[in-house]
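Student: Mind having a look at this structure? Questions to follow.
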Amino acid sequence: MSPLGLVILIVLVDLLGFSLVMPLLAPFAREYGFSPLQIGLLVAGYPMAQLVAAPILGRLSDRYGRRPVLAASQFGTAVSFLILGLSTNFTVMFLARLLDGASGGNILVAQAYVADVTKPEERSKGYGLIGMAFGIGFVLGPLLGMALVALPVAADWRLRLPFLVAAGFSTIAWILVLFRLPESLPKDPTTREEVRVVSRRGLADAFRLPGVGRMIALGSLVALGFAALEGTFSLYLEDRQKWRPDQVMGGFAFLGLVTAVVQGGLVRRLAPRVGEPRLIVVGLVLLILGFVGLAIAGGTASVLVAVLLIGVGQGFATPLVNALLSKITPDSERGAVFGTLSSAQTLARMANYVLANLLLGRGNPAAPFWEAAAITLLALILAAVTLPTAARLASRAASTDSERDVEPVTSAAIEA
């Protein structure tokens, strides 16, 4: 299997474990007798730690290689899930969530790895495949979780089993990294020594790279708007549309399926013909229409149409913002830039999980989606200003690479 195929497989296996347990964390914490504050801390522990750790992990991967950082991240995730499956003590479980967040560089390092092993013109395809892995993982993970909690086992093990299975998935991903995934960075020590691992100046310099700061802001606004859906969709479907829990799960699965099809199929076919900037704009427009559609939806058919628009829009916008960002980022800064993007998006999600639920709690289930539409409209305005410059920078970088005759890294040319 090619390095690109391997890293996509690793992301898929890892996300199966993540999406298996995340919908169950809060309900199971409630069954353990934790207070609402403790439950909130358990949910927030991962993004809190990741917010600080992601840029550092990105820098470490620039200096010491993607493979060791990815292996350490997978190991930390496996240990975290194992602790969550074996402990019922709040402090221990909270520390496990912090460990998972502090070592949670899996996706950002995988994104940098994809950029390392693909040509610029094939970058959109690579990020589309990562998006497809996300979609498939978020369809299969919750369905597997439902099957596991329905098994005829003792009540105590019914709570623990999904977390132990998730630890198994992360262990498989860790083994694949250790024994099958080659390093994607060149062996040249000069480039790695120039990277400032934890320096604030280094992070600031990465953010000030031409075009990079605005692209990070664009990606963060997309995440900020979509977080309103992530944080309130199930309650919206129950409160406004009167869906049953199995119908709610079906709604999430439908969204994941649409996103997977778009990112795994349409993106890699359309991006080379249409270009990332145009498709990003199309994606943002579809997201706005989808959020407005949910806000005014009056029945199942209109909800499904709105979810279809959101799935297609998200499927275009997110991977193509990442692809364009990778094209304008120097090789030696790629991990740091994606680490900064990951932290910015994590902060955006944390903020809007709270705000969207506050809006929902005021008695109007449609309010979070009006807010999401307004945020995405701001993203569209920023895109109109940012994308032309980013496209020119990407074209210039591609011309430079062509002049140097730089070929993509292959399994035969990279360090085992």
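FYI, nothing fancy with the structure tokens labels: chains A, B, ... in order, residues from 1 per chain, ligands from 1 as they appear.
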List as a PyMOL selection string the protein and nucleic acid residues near A:Val248, meaning an atom at most 8 Å away when only C-alpha atoms are counted, but skip any in the same chain fewer than 3 places from it.

Tutor: chain A and resi 234+237-238+243-245+251-252

Student: Go through stretch 235-330 of chain A residue by residue and, counting only C-alpha atoms, keep those with an atom at most 9 Å from stretch 364-385 of chain A; for each kept residue give the shortest atom pair and its distance in Å to one decimal, ordered by chain and increasing number, as JSON lines.

Tutor:
{"residue": "A:Leu235", "atom": "CA", "partner": "A:Pro365", "partner_atom": "CA", "distance": 8.0}
{"residue": "A:Tyr236", "atom": "CA", "partner": "A:Pro365", "partner_atom": "CA", "distance": 5.5}
{"residue": "A:Leu237", "atom": "CA", "partner": "A:Pro365", "partner_atom": "CA", "distance": 8.8}
{"residue": "A:Asp239", "atom": "CA", "partner": "A:Pro365", "partner_atom": "CA", "distance": 7.1}
{"residue": "A:Arg240", "atom": "CA", "partner": "A:Pro365", "partner_atom": "CA", "distance": 6.3}
{"residue": "A:Pro277", "atom": "CA", "partner": "A:Ala383", "partner_atom": "CA", "distance": 8.2}
{"residue": "A:Ile280", "atom": "CA", "partner": "A:Ala383", "partner_atom": "CA", "distance": 8.1}
{"residue": "A:Val281", "atom": "CA", "partner": "A:Leu380", "partner_atom": "CA", "distance": 6.7}
{"residue": "A:Leu284", "atom": "CA", "partner": "A:Leu380", "partner_atom": "CA", "distance": 6.1}
{"residue": "A:Val285", "atom": "CA", "partner": "A:Leu380", "partner_atom": "CA", "distance": 7.4}
{"residue": "A:Leu287", "atom": "CA", "partner": "A:Thr376", "partner_atom": "CA", "distance": 7.2}
{"residue": "A:Ile288", "atom": "CA", "partner": "A:Ala373", "partner_atom": "CA", "distance": 4.8}
{"residue": "A:Leu289", "atom": "CA", "partner": "A:Ala373", "partner_atom": "CA", "distance": 7.7}
{"residue": "A:Gly290", "atom": "CA", "partner": "A:Ala373", "partner_atom": "CA", "distance": 8.3}
{"residue": "A:Phe291", "atom": "CA", "partner": "A:Phe369", "partner_atom": "CA", "distance": 5.1}
{"residue": "A:Val292", "atom": "CA", "partner": "A:Trp370", "partner_atom": "CA", "distance": 6.2}
{"residue": "A:Gly293", "atom": "CA", "partner": "A:Phe369", "partner_atom": "CA", "distance": 8.6}
{"residue": "A:Leu294", "atom": "CA", "partner": "A:Phe369", "partner_atom": "CA", "distance": 6.7}
{"residue": "A:Ala295", "atom": "CA", "partner": "A:Ala366", "partner_atom": "CA", "distance": 4.4}
{"residue": "A:Ile296", "atom": "CA", "partner": "A:Ala366", "partner_atom": "CA", "distance": 7.2}
{"residue": "A:Ala297", "atom": "CA", "partner": "A:Ala366", "partner_atom": "CA", "distance": 8.9}

Student: Produce a file of the selected residues containing C-alpha atoms, as a tab-separated table (two decimals), in the first residue's frame.

Tutor:
chain	number	residue	atom	x	y	z
A	235	LEU	CA	-31.52	18.34	20.59
A	236	TYR	CA	-32.91	20.32	17.64
A	237	LEU	CA	-34.19	17.13	16.01
A	239	ASP	CA	-37.26	19.30	20.36
A	240	ARG	CA	-38.40	20.84	17.08
A	277	PRO	CA	-11.13	28.66	-4.64
A	280	ILE	CA	-14.66	26.61	-1.50
A	281	VAL	CA	-17.05	29.44	-2.40
A	284	LEU	CA	-19.76	28.10	1.77
A	285	VAL	CA	-22.88	29.11	-0.18
A	287	LEU	CA	-23.56	25.69	3.97
A	288	ILE	CA	-25.42	28.99	4.35
A	289	LEU	CA	-28.43	27.62	2.46
A	290	GLY	CA	-28.36	24.42	4.53
A	291	PHE	CA	-28.23	26.25	7.87
A	292	VAL	CA	-31.10	28.54	6.81
A	293	GLY	CA	-32.98	25.44	5.63
A	294	LEU	CA	-32.66	23.83	9.07
A	295	ALA	CA	-33.79	27.04	10.75
A	296	ILE	CA	-37.04	27.10	8.75
A	297	ALA	CA	-37.55	23.34	8.24

Student: Give me the residues within 12 Å of A:Arg123 as a PyMOL selection string, counting only C-alpha atoms and dropping any in the same chain fewer than 3 places off.

Tutor: chain A and resi 4+111-120+126-130+267-268+271-272+275-276+319-328+394+398+408

Student: Report, in Å to a single decimal, how far apart atom CA of A:Leu360 and atom CA of A:Met249 are.

Tutor: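 One can read the atom CA of A:Met249 to atom CA of A:Leu360 distance as 19.6 Å.
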
Student: Where does stretch 89-139 of chain A meet stretch 306-314 of chain A within 12 Å, residue by residue, with the nearest atom pair and distance in Å to one decimal for each, counting only C-alpha atoms, listed by chain and rising number, as a tab-separated table?

Tutor:
residue	atom	partner	partner_atom	distance
A:Gly128	CA	A:Gln314	CA	11.2
A:Gly131	CA	A:Gln314	CA	9.6
A:Met132	CA	A:Gln314	CA	11.5
A:Phe134	CA	A:Gln314	CA	11.8
A:Gly135	CA	A:Gly311	CA	9.7

Student: Out of A:Ala260, A:Met22, A:Val303, A:Val11, which residue has the shortest atom-to-atom distance to A:Gly145 when counting only C-alpha atoms?

Tutor: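 Distance minimum relative to A:Gly145 lands on A:Met22.
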
Student: Looking only at the backbone, which of the residues in stretch 133-353 of chain A does DSSP tag as alpha helix (DSSP H), as a count of residues only?

Tutor: 177

Student: Just want the 9 Å neighbourhood of A:Phe75, counted on only C-alpha atoms, with same-chain residues fewer than 4 positions away dropped. Output as a ChimeraX atom specification.

Tutor: /A:70-71,79-80,103,170-171,173-174
